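Asker: Quick one: this structure, given as structure tokens, is what I'll be asking you about.
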Amino acid sequence: MDLLPRAYPDQVGLAAASTWSGYALGYSAVGGDVRQTGMEAGYAALDPERYGLSGEHSPTGYKVVLGRERPLRLDCGVELGPYTVAYQTYGRLNADRSNAILICHALTGDQFVADPHPITGKPGWWDIMVGPGKPLDSDRYFLICANVLGGCMGTSGPKEINPKTGEPWGLSFPVITVGDMVRAQAELLDHLGIGDLFCVIGGSMGGMQVLAWAAYYPRRVFSAIPIAAAGNHSAQNIALHEVGRQAIMADPDWCAGDYLRQGRKPRRGLAVARMAAHITYLSEAALQRKFGRRLQGRAAVTYGFDADFEVESYLRHQGSTFVERFDPNSYLYITRAMDYFDLAEEFGGTLVKAFDHTPVRFFVVSFTSDWLFPTPESRVVVHALNAVAANVSFLEIETDKGHDAFLLEEPELHRVMRGFLSGAGEHRGLKGP
Amino acid sequence: MDAASPPADPSLPADAHRPLRIRVDLQAIADMVTPGSRVLDVGCGEGTLLDYLVHFKQVDGRGIELSQAAVTEAVGHGLSVIQGDAEADLKIYPDDAFDFVILSQTLQATRDSRATLRQLLRIGRRVIVSFTNYGHWRLRCFLLWRGRVPVTNGAAHRWYDTPNIHVCTIHDFIDLCRELGVRIERRLLVNPAGRVRRFRSVAFANLCGEQGVFLLSRP
């Protein structure tokens, strides 16, 4: 909360609007709860400026409280409500509300896609992709990104205060899933009066959300771009996440998850988790190219356990800066959500069923050197889409930058993304800026 | 059947990349496609034909292409194209998924041409195949006089590295269709002058057609 000093809208006034559901004629969500449809509650009641719809940019973003009247039913069975969603917007929602693109962030991302990070001051994580004239062009599209459920940048998560107890949630926060994140985003869009999305896009865990969006809400999604993602989390990836979680939990400052109340933070554990994870985001070739066996500010090895090598120093830096901006319990929750992700299982054991008769235009992207979400996993998704003769494009981009390539300068990705979006825009009848 | 360039549609953006006229063999294929149908172009390259079909015949068009560079071009122009090995991927598509499946100048590069043709006929109600006719008199003369294997795609390849591993003549192709029990709905040749002609005599077409273009369906 303290990161976002802006005054947030009066939450009582929002309750009526939060039941609005923008999609036409009785689409029933997964899980069977038939939603109220139509425009009875009316999105016009929302003040566009207060909710980031007007084109005025607020670098601190926005927050809404949802689930006051109807709590969010989580996959674990718990009913969560009220809960807060913090989000950021770029560009302006057009008159017929047809130019909205939802950006889904990855494990350690947040809603500050193209703003300086409120804590670190570093450029937004997708600054090179989002903004005026960029592939996700804020002059043309209305871009929205919400901090995921379980996150630590303002959306309800273990770091936030449980309104019922007045204490931080800690481990009493319910375990969430990728599906829960997506349903919370859908509630946010309902609230903002955005019925359909022109596109849902995201990399890594963001790509998982994209696939879940397309599977749960096919009528609300015109096009979907899952980048470096998969239909489920592989055994190797679960194993890697478990190492990270164990590192956090082995830190005595974790205090069985209760560190916030005890005024402590498992910094070393979280740093180690980040260091291990960071290796998996790169590739062997990239590490070799960037660091090789070069020594860090010294002529010879020291025969000790100091950071002799540049690569060690780099990883330590990655670990220590991450600790400043991320909540350790959030890391546990979000990695768990990824582990639990298995879209096929949710749809009776086959991914084909998740996409049966889908009208969504897909663009699946993978990278040659990504060993965390390797190309074959994207191909599984593409094959499932082929099996239902869906409209799908697929490109494997040649790069040595590993999994993180989607965050980096990849001119080919940017060029193809522009083309895909403008092609989809033509089919959608989207007017130019 | 001569290539006629369609009138420019003023409602379409004036894209420099979209020629109104396409290669004559591609035009012959395009003329066989029903407007508004579902089309899969196997080995679509940069998507020249697909782009034409999408914009001038309003088809719901998809492509498969092996080359990453070509897929980048095609998707970058707003086409729906999958980077992949068609021979491996075709079996995944459901029966009758498309009204037309096109195999343009790609048959000769398939590993198992007969199995590929079978797959195409399963997933498409109609299949359009175009290929270089190795029975054409120039190629026959080339082999006869020079004693060397003719390589047709310019100077880019020699016999040992050409992707065209299963070349055939119009005669061969018709034999294969007969063996598979395939119905040939239309058969055209492209002559050296770049004209598209129907033919009755297979022997004539086999000698004088540089390319064959066939519209096939299941019996």
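By convention in this document, the chains of the structure tokens carry letters A, B, ... by their order, each chain's residues are numbered from 1, and ligands are numbered from 1 in the order they are shown.
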Within 6 Å of chain A, which residues of chain B show up? Give each one with its shortest atom-to-atom distance in Å (one decimal) and the two atoms involved, counting only C-alpha atoms, rows by chain then rising residue number, as CSV.

Answerer:
```
residue,atom,partner,partner_atom,distance
B:Val75,CA,A:Phe420,CA,5.8
B:Gly76,CA,A:Gly419,CA,3.9
B:His77,CA,A:Gly419,CA,5.1
B:Gly78,CA,A:Gly423,CA,3.9
B:Ser80,CA,A:Ser393,CA,4.7
B:Val81,CA,A:Ser393,CA,4.5
B:Ile82,CA,A:Phe394,CA,4.4
B:Gln83,CA,A:Leu395,CA,5.4
B:Ile92,CA,A:Ala387,CA,5.4
B:Tyr93,CA,A:Ala387,CA,4.6
B:Pro94,CA,A:Ala387,CA,5.7
```

Asker: Selected residues, N, CA and C atoms, written as a short mmCIF file (atom, residue, chain, number, x, y, z; two decimals), in the first residue's frame, please.

Answerer:
```cif
data_model
loop_
_atom_site.label_atom_id
_atom_site.label_comp_id
_atom_site.auth_asym_id
_atom_site.auth_seq_id
_atom_site.Cartn_x
_atom_site.Cartn_y
_atom_site.Cartn_z
N VAL B 75 4.01 -14.51 -40.88
CA VAL B 75 3.27 -14.08 -39.68
C VAL B 75 3.39 -12.56 -39.53
N GLY B 76 4.56 -12.04 -39.90
CA GLY B 76 4.78 -10.60 -39.86
C GLY B 76 3.84 -9.84 -40.79
N HIS B 77 3.31 -10.54 -41.79
CA HIS B 77 2.32 -9.92 -42.68
C HIS B 77 0.89 -10.27 -42.27
N GLY B 78 0.75 -10.81 -41.08
CA GLY B 78 -0.59 -11.04 -40.55
C GLY B 78 -1.21 -12.36 -40.97
N SER B 80 -1.69 -16.58 -40.79
CA SER B 80 -1.63 -17.60 -39.75
C SER B 80 -0.79 -18.77 -40.25
N VAL B 81 0.45 -18.79 -39.82
CA VAL B 81 1.37 -19.80 -40.32
C VAL B 81 2.11 -20.45 -39.16
N ILE B 82 2.23 -21.77 -39.25
CA ILE B 82 2.92 -22.54 -38.23
C ILE B 82 4.29 -22.96 -38.74
N GLN B 83 5.29 -22.74 -37.89
CA GLN B 83 6.61 -23.25 -38.24
C GLN B 83 6.65 -24.72 -37.86
N ILE B 92 -1.92 -34.68 -37.31
CA ILE B 92 -2.62 -34.16 -36.13
C ILE B 92 -3.97 -33.53 -36.49
N TYR B 93 -4.07 -33.02 -37.70
CA TYR B 93 -5.31 -32.32 -38.07
C TYR B 93 -6.48 -33.31 -38.17
N PRO B 94 -7.68 -32.85 -37.83
CA PRO B 94 -8.84 -33.74 -37.93
C PRO B 94 -9.25 -33.95 -39.40
#
```

Asker: As an MDAnalysis selection string, which residues of region 125-201 of chain B does DSSP assign to alpha helix (DSSP H)?

Answerer: chainID B and resid 137:141 170:180

Asker: Take the selection from the previous step and output its residues with N, CA and C atoms, as a PDB file, in the first residue's frame.

Answerer:
```pdb
ATOM      1  N   TRP B 137      10.021 -31.855 -72.232  1.00  0.00           N
ATOM      2  CA  TRP B 137      11.042 -32.199 -73.230  1.00  0.00           C
ATOM      3  C   TRP B 137      12.392 -31.558 -72.949  1.00  0.00           C
ATOM      4  N   ARG B 138      12.387 -30.348 -72.353  1.00  0.00           N
ATOM      5  CA  ARG B 138      13.676 -29.695 -72.090  1.00  0.00           C
ATOM      6  C   ARG B 138      14.508 -30.499 -71.096  1.00  0.00           C
ATOM      7  N   LEU B 139      13.825 -31.022 -70.096  1.00  0.00           N
ATOM      8  CA  LEU B 139      14.552 -31.795 -69.087  1.00  0.00           C
ATOM      9  C   LEU B 139      15.021 -33.125 -69.664  1.00  0.00           C
ATOM     10  N   ARG B 140      14.153 -33.684 -70.532  1.00  0.00           N
ATOM     11  CA  ARG B 140      14.562 -34.932 -71.188  1.00  0.00           C
ATOM     12  C   ARG B 140      15.808 -34.686 -72.039  1.00  0.00           C
ATOM     13  N   CYS B 141      15.805 -33.572 -72.781  1.00  0.00           N
ATOM     14  CA  CYS B 141      16.938 -33.255 -73.638  1.00  0.00           C
ATOM     15  C   CYS B 141      18.198 -32.998 -72.808  1.00  0.00           C
ATOM     16  N   ILE B 170       4.268 -35.768 -64.964  1.00  0.00           N
ATOM     17  CA  ILE B 170       2.801 -35.716 -64.930  1.00  0.00           C
ATOM     18  C   ILE B 170       2.246 -37.139 -65.030  1.00  0.00           C
ATOM     19  N   HIS B 171       2.894 -37.936 -65.851  1.00  0.00           N
ATOM     20  CA  HIS B 171       2.476 -39.321 -66.033  1.00  0.00           C
ATOM     21  C   HIS B 171       2.569 -40.112 -64.715  1.00  0.00           C
ATOM     22  N   ASP B 172       3.720 -39.946 -64.068  1.00  0.00           N
ATOM     23  CA  ASP B 172       3.921 -40.612 -62.769  1.00  0.00           C
ATOM     24  C   ASP B 172       2.834 -40.214 -61.784  1.00  0.00           C
ATOM     25  N   PHE B 173       2.537 -38.916 -61.761  1.00  0.00           N
ATOM     26  CA  PHE B 173       1.591 -38.414 -60.781  1.00  0.00           C
ATOM     27  C   PHE B 173       0.190 -38.977 -61.029  1.00  0.00           C
ATOM     28  N   ILE B 174      -0.178 -39.035 -62.291  1.00  0.00           N
ATOM     29  CA  ILE B 174      -1.500 -39.576 -62.616  1.00  0.00           C
ATOM     30  C   ILE B 174      -1.561 -41.062 -62.226  1.00  0.00           C
ATOM     31  N   ASP B 175      -0.450 -41.772 -62.430  1.00  0.00           N
ATOM     32  CA  ASP B 175      -0.393 -43.175 -62.003  1.00  0.00           C
ATOM     33  C   ASP B 175      -0.624 -43.301 -60.499  1.00  0.00           C
ATOM     34  N   LEU B 176       0.025 -42.402 -59.745  1.00  0.00           N
ATOM     35  CA  LEU B 176      -0.108 -42.461 -58.286  1.00  0.00           C
ATOM     36  C   LEU B 176      -1.557 -42.178 -57.877  1.00  0.00           C
ATOM     37  N   CYS B 177      -2.172 -41.206 -58.529  1.00  0.00           N
ATOM     38  CA  CYS B 177      -3.561 -40.896 -58.219  1.00  0.00           C
ATOM     39  C   CYS B 177      -4.443 -42.117 -58.486  1.00  0.00           C
ATOM     40  N   ARG B 178      -4.154 -42.812 -59.584  1.00  0.00           N
ATOM     41  CA  ARG B 178      -4.941 -43.997 -59.923  1.00  0.00           C
ATOM     42  C   ARG B 178      -4.747 -45.065 -58.840  1.00  0.00           C
ATOM     43  N   GLU B 179      -3.478 -45.235 -58.423  1.00  0.00           N
ATOM     44  CA  GLU B 179      -3.174 -46.239 -57.400  1.00  0.00           C
ATOM     45  C   GLU B 179      -3.887 -45.937 -56.089  1.00  0.00           C
ATOM     46  N   LEU B 180      -3.976 -44.646 -55.758  1.00  0.00           N
ATOM     47  CA  LEU B 180      -4.619 -44.253 -54.495  1.00  0.00           C
ATOM     48  C   LEU B 180      -6.139 -44.148 -54.641  1.00  0.00           C
TER      49      LEU B 180
END
```

Asker: Would you please extract all strand (DSSP E) residues from region 35-142 of chain A, as assigned by DSSP on the backbone, and give them as an MDAnalysis selection string?

Answerer: chainID A and resid 62:66 72:73 79:80 83:90 100:104 130:131 136:137 142

Asker: Please save C-alpha atoms of the selected residues as an mmCIF file, in the first residue's frame.

Answerer:
```cif
data_model
loop_
_atom_site.group_PDB
_atom_site.id
_atom_site.type_symbol
_atom_site.label_atom_id
_atom_site.label_comp_id
_atom_site.auth_asym_id
_atom_site.auth_seq_id
_atom_site.Cartn_x
_atom_site.Cartn_y
_atom_site.Cartn_z
ATOM 1 C CA TYR A 62 -4.649 1.854 -9.807
ATOM 2 C CA LYS A 63 -6.351 -0.383 -7.294
ATOM 3 C CA VAL A 64 -9.836 -1.747 -6.942
ATOM 4 C CA VAL A 65 -11.475 -3.855 -4.298
ATOM 5 C CA LEU A 66 -13.490 -6.726 -5.716
ATOM 6 C CA LEU A 72 -13.908 -15.288 -5.642
ATOM 7 C CA ARG A 73 -14.171 -19.047 -5.361
ATOM 8 C CA GLU A 79 -13.883 -18.151 -0.956
ATOM 9 C CA LEU A 80 -11.763 -15.013 -1.108
ATOM 10 C CA TYR A 83 -9.775 -8.787 -2.326
ATOM 11 C CA THR A 84 -7.710 -6.055 -3.951
ATOM 12 C CA VAL A 85 -6.373 -5.988 -7.496
ATOM 13 C CA ALA A 86 -3.630 -3.498 -8.324
ATOM 14 C CA TYR A 87 -3.196 -2.749 -11.999
ATOM 15 C CA GLN A 88 -1.654 -0.368 -14.456
ATOM 16 C CA THR A 89 -2.874 0.900 -17.823
ATOM 17 C CA TYR A 90 -1.325 2.458 -20.916
ATOM 18 C CA ALA A 100 -8.025 -3.670 -24.920
ATOM 19 C CA ILE A 101 -4.961 -5.877 -24.570
ATOM 20 C CA LEU A 102 -4.336 -7.699 -21.310
ATOM 21 C CA ILE A 103 -0.681 -8.232 -20.478
ATOM 22 C CA CYS A 104 -0.045 -11.116 -18.063
ATOM 23 C CA VAL A 130 5.104 -1.469 -24.567
ATOM 24 C CA GLY A 131 4.676 2.209 -25.291
ATOM 25 C CA LEU A 136 2.264 -3.116 -28.054
ATOM 26 C CA ASP A 137 1.489 0.411 -29.143
ATOM 27 C CA PHE A 142 -5.473 0.105 -24.445
#
```

Asker: With only C-alpha atoms as the counted atoms, please give the residues lying no more than 8 Å from region 278-292 of chain A, apart from itself and same-chain residues fewer than 2 positions off, as an NGL selection string.

Answerer: :A and (274-276 or 294 or 310-311 or 315 or 318 or 369-372 or 400-404)

Asker: Could you jot down the CA of Arg267 (chain A) to CA of Val323 (chain A) separation for me, Å, one decimal place?

Answerer: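 About the pair CA of Arg267 (chain A) and CA of Val323 (chain A): they are 6.0 Å apart.
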
Asker: Write out, as a tab-separated table, each residue of region 89-169 of chain B that has an atom at most 9 Å from region 210-214 of chain B, together with the closest pair of atoms and their distance in Å to one decimal, counting only C-alpha atoms, rows going by chain and rising number.

Answerer:
```
residue	atom	partner	partner_atom	distance
B:Ser104	CA	B:Val213	CA	8.6
B:Val127	CA	B:Phe214	CA	8.0
B:Ile128	CA	B:Phe214	CA	5.5
B:Val129	CA	B:Phe214	CA	5.2
B:Ser130	CA	B:Val213	CA	4.3
B:Phe131	CA	B:Gln211	CA	5.6
B:Thr132	CA	B:Gln211	CA	4.4
B:Asn133	CA	B:Gln211	CA	4.9
B:Tyr134	CA	B:Glu210	CA	7.8
B:Gly135	CA	B:Glu210	CA	8.2
B:His136	CA	B:Glu210	CA	5.7
B:Trp137	CA	B:Glu210	CA	8.7
B:Arg138	CA	B:Glu210	CA	8.7
B:Thr169	CA	B:Gly212	CA	8.5
```

Asker: Go ahead and save the residues from that selection, with C-alpha atoms, as a PDB file, in the first residue's frame.

Answerer:
```pdb
ATOM      1  CA  SER B 104       2.379 -25.998 -54.205  1.00  0.00           C
ATOM      2  CA  VAL B 127      -6.453 -31.096 -52.596  1.00  0.00           C
ATOM      3  CA  ILE B 128      -4.542 -28.937 -55.071  1.00  0.00           C
ATOM      4  CA  VAL B 129      -1.087 -30.151 -56.031  1.00  0.00           C
ATOM      5  CA  SER B 130       1.349 -28.369 -58.315  1.00  0.00           C
ATOM      6  CA  PHE B 131       4.765 -29.717 -59.234  1.00  0.00           C
ATOM      7  CA  THR B 132       7.544 -29.468 -61.785  1.00  0.00           C
ATOM      8  CA  ASN B 133       7.035 -32.003 -64.540  1.00  0.00           C
ATOM      9  CA  TYR B 134      10.271 -33.932 -65.057  1.00  0.00           C
ATOM     10  CA  GLY B 135       8.833 -35.359 -68.249  1.00  0.00           C
ATOM     11  CA  HIS B 136       9.062 -31.990 -69.991  1.00  0.00           C
ATOM     12  CA  TRP B 137      11.042 -32.199 -73.230  1.00  0.00           C
ATOM     13  CA  ARG B 138      13.676 -29.695 -72.090  1.00  0.00           C
ATOM     14  CA  THR B 169       6.431 -36.532 -64.227  1.00  0.00           C
TER      15      THR B 169
END
```

Asker: What's around region 199-203 of chain B at 7 Å? Count only C-alpha atoms, leave out sequence neighbours fewer than 4 positions away in its own chain, and write the answer as a list in words.

Answerer: His171, Arg187, Leu188 and Leu207 of chain B

Asker: Taking 3 positions as the minimum chain separation for residues in the same chain, which residues sit within 7 Å of Trp126 (chain A) when counting only C-alpha atoms? Answer as a PyMOL selection string.

Answerer: chain A and resi 113-114+129-130+407

Asker: Suppose we keep N, CA and C atoms; can you now write the selection as a PDB file, in the first residue's frame?

Answerer:
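Okay, result-v7.pdb is ready:
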```
ATOM      1  N   VAL A 113       4.652  -2.487 -16.199  1.00  0.00           N
ATOM      2  CA  VAL A 113       5.205  -3.034 -17.429  1.00  0.00           C
ATOM      3  C   VAL A 113       6.182  -2.060 -18.079  1.00  0.00           C
ATOM      4  N   ALA A 114       5.786  -0.791 -18.120  1.00  0.00           N
ATOM      5  CA  ALA A 114       6.603   0.195 -18.830  1.00  0.00           C
ATOM      6  C   ALA A 114       6.776   1.476 -18.015  1.00  0.00           C
ATOM      7  N   MET A 129       8.816  -3.335 -25.203  1.00  0.00           N
ATOM      8  CA  MET A 129       7.696  -3.862 -25.995  1.00  0.00           C
ATOM      9  C   MET A 129       6.472  -2.953 -25.936  1.00  0.00           C
ATOM     10  N   VAL A 130       6.352  -2.199 -24.836  1.00  0.00           N
ATOM     11  CA  VAL A 130       5.104  -1.469 -24.567  1.00  0.00           C
ATOM     12  C   VAL A 130       5.348   0.031 -24.536  1.00  0.00           C
ATOM     13  N   LEU A 407      11.941 -11.066 -22.745  1.00  0.00           N
ATOM     14  CA  LEU A 407      12.054  -9.764 -22.089  1.00  0.00           C
ATOM     15  C   LEU A 407      13.109  -8.884 -22.750  1.00  0.00           C
TER      16      LEU A 407
END
```

Asker: If we count only C-alpha atoms, what is near Pro174 (chain A) at a cut-off of 8 Å, once residues fewer than 3 positions away on the same chain are taken out, given as a ChimeraX atom specification?

Answerer: /A:76,78,171

Asker: Show me, as a list in words, the residues that have an atom within 9 Å of Leu121 (chain B) when counting only C-alpha atoms, minus same-chain residues fewer than 4 positions from it.

Answerer: Asp95, Asp96, Val101, Thr116, Leu117, Arg125, Arg126, Val127, Val182, Leu216, Ser217 and Arg218 of chain B

Asker: Write a file of the selected residues as a compact mmCIF listing (two decimals), in the first residue's frame, keeping C-alpha atoms.

Answerer:
```txt
# COMPACT_ATOMS: atom_id res chain seq x y z
CA ASP B 95 -10.57 -35.23 -41.00
CA ASP B 96 -12.14 -32.68 -43.34
CA VAL B 101 -5.38 -28.21 -48.93
CA THR B 116 1.69 -37.15 -47.57
CA LEU B 117 -0.85 -37.15 -50.38
CA ARG B 125 -12.15 -32.13 -48.96
CA ARG B 126 -10.17 -31.10 -52.01
CA VAL B 127 -6.45 -31.10 -52.60
CA VAL B 182 -8.04 -40.41 -56.13
CA LEU B 216 -8.03 -33.82 -56.48
CA SER B 217 -10.76 -35.22 -54.30
CA ARG B 218 -11.61 -38.49 -52.65
```

Asker: So how many Å separate CA of Leu197 (chain A) and CA of Val221 (chain A), to one decimal?

Answerer: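 Computed distance, CA of Leu197 (chain A) to CA of Val221 (chain A), equals 5.0 Å.
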
Asker: Could you check how far CA of Phe347 (chain A) sits from CA of Gly206 (chain A), in Å to one decimal?

Answerer: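 Interatomic distance, CA of Phe347 (chain A) to CA of Gly206 (chain A): 19.8 Å.
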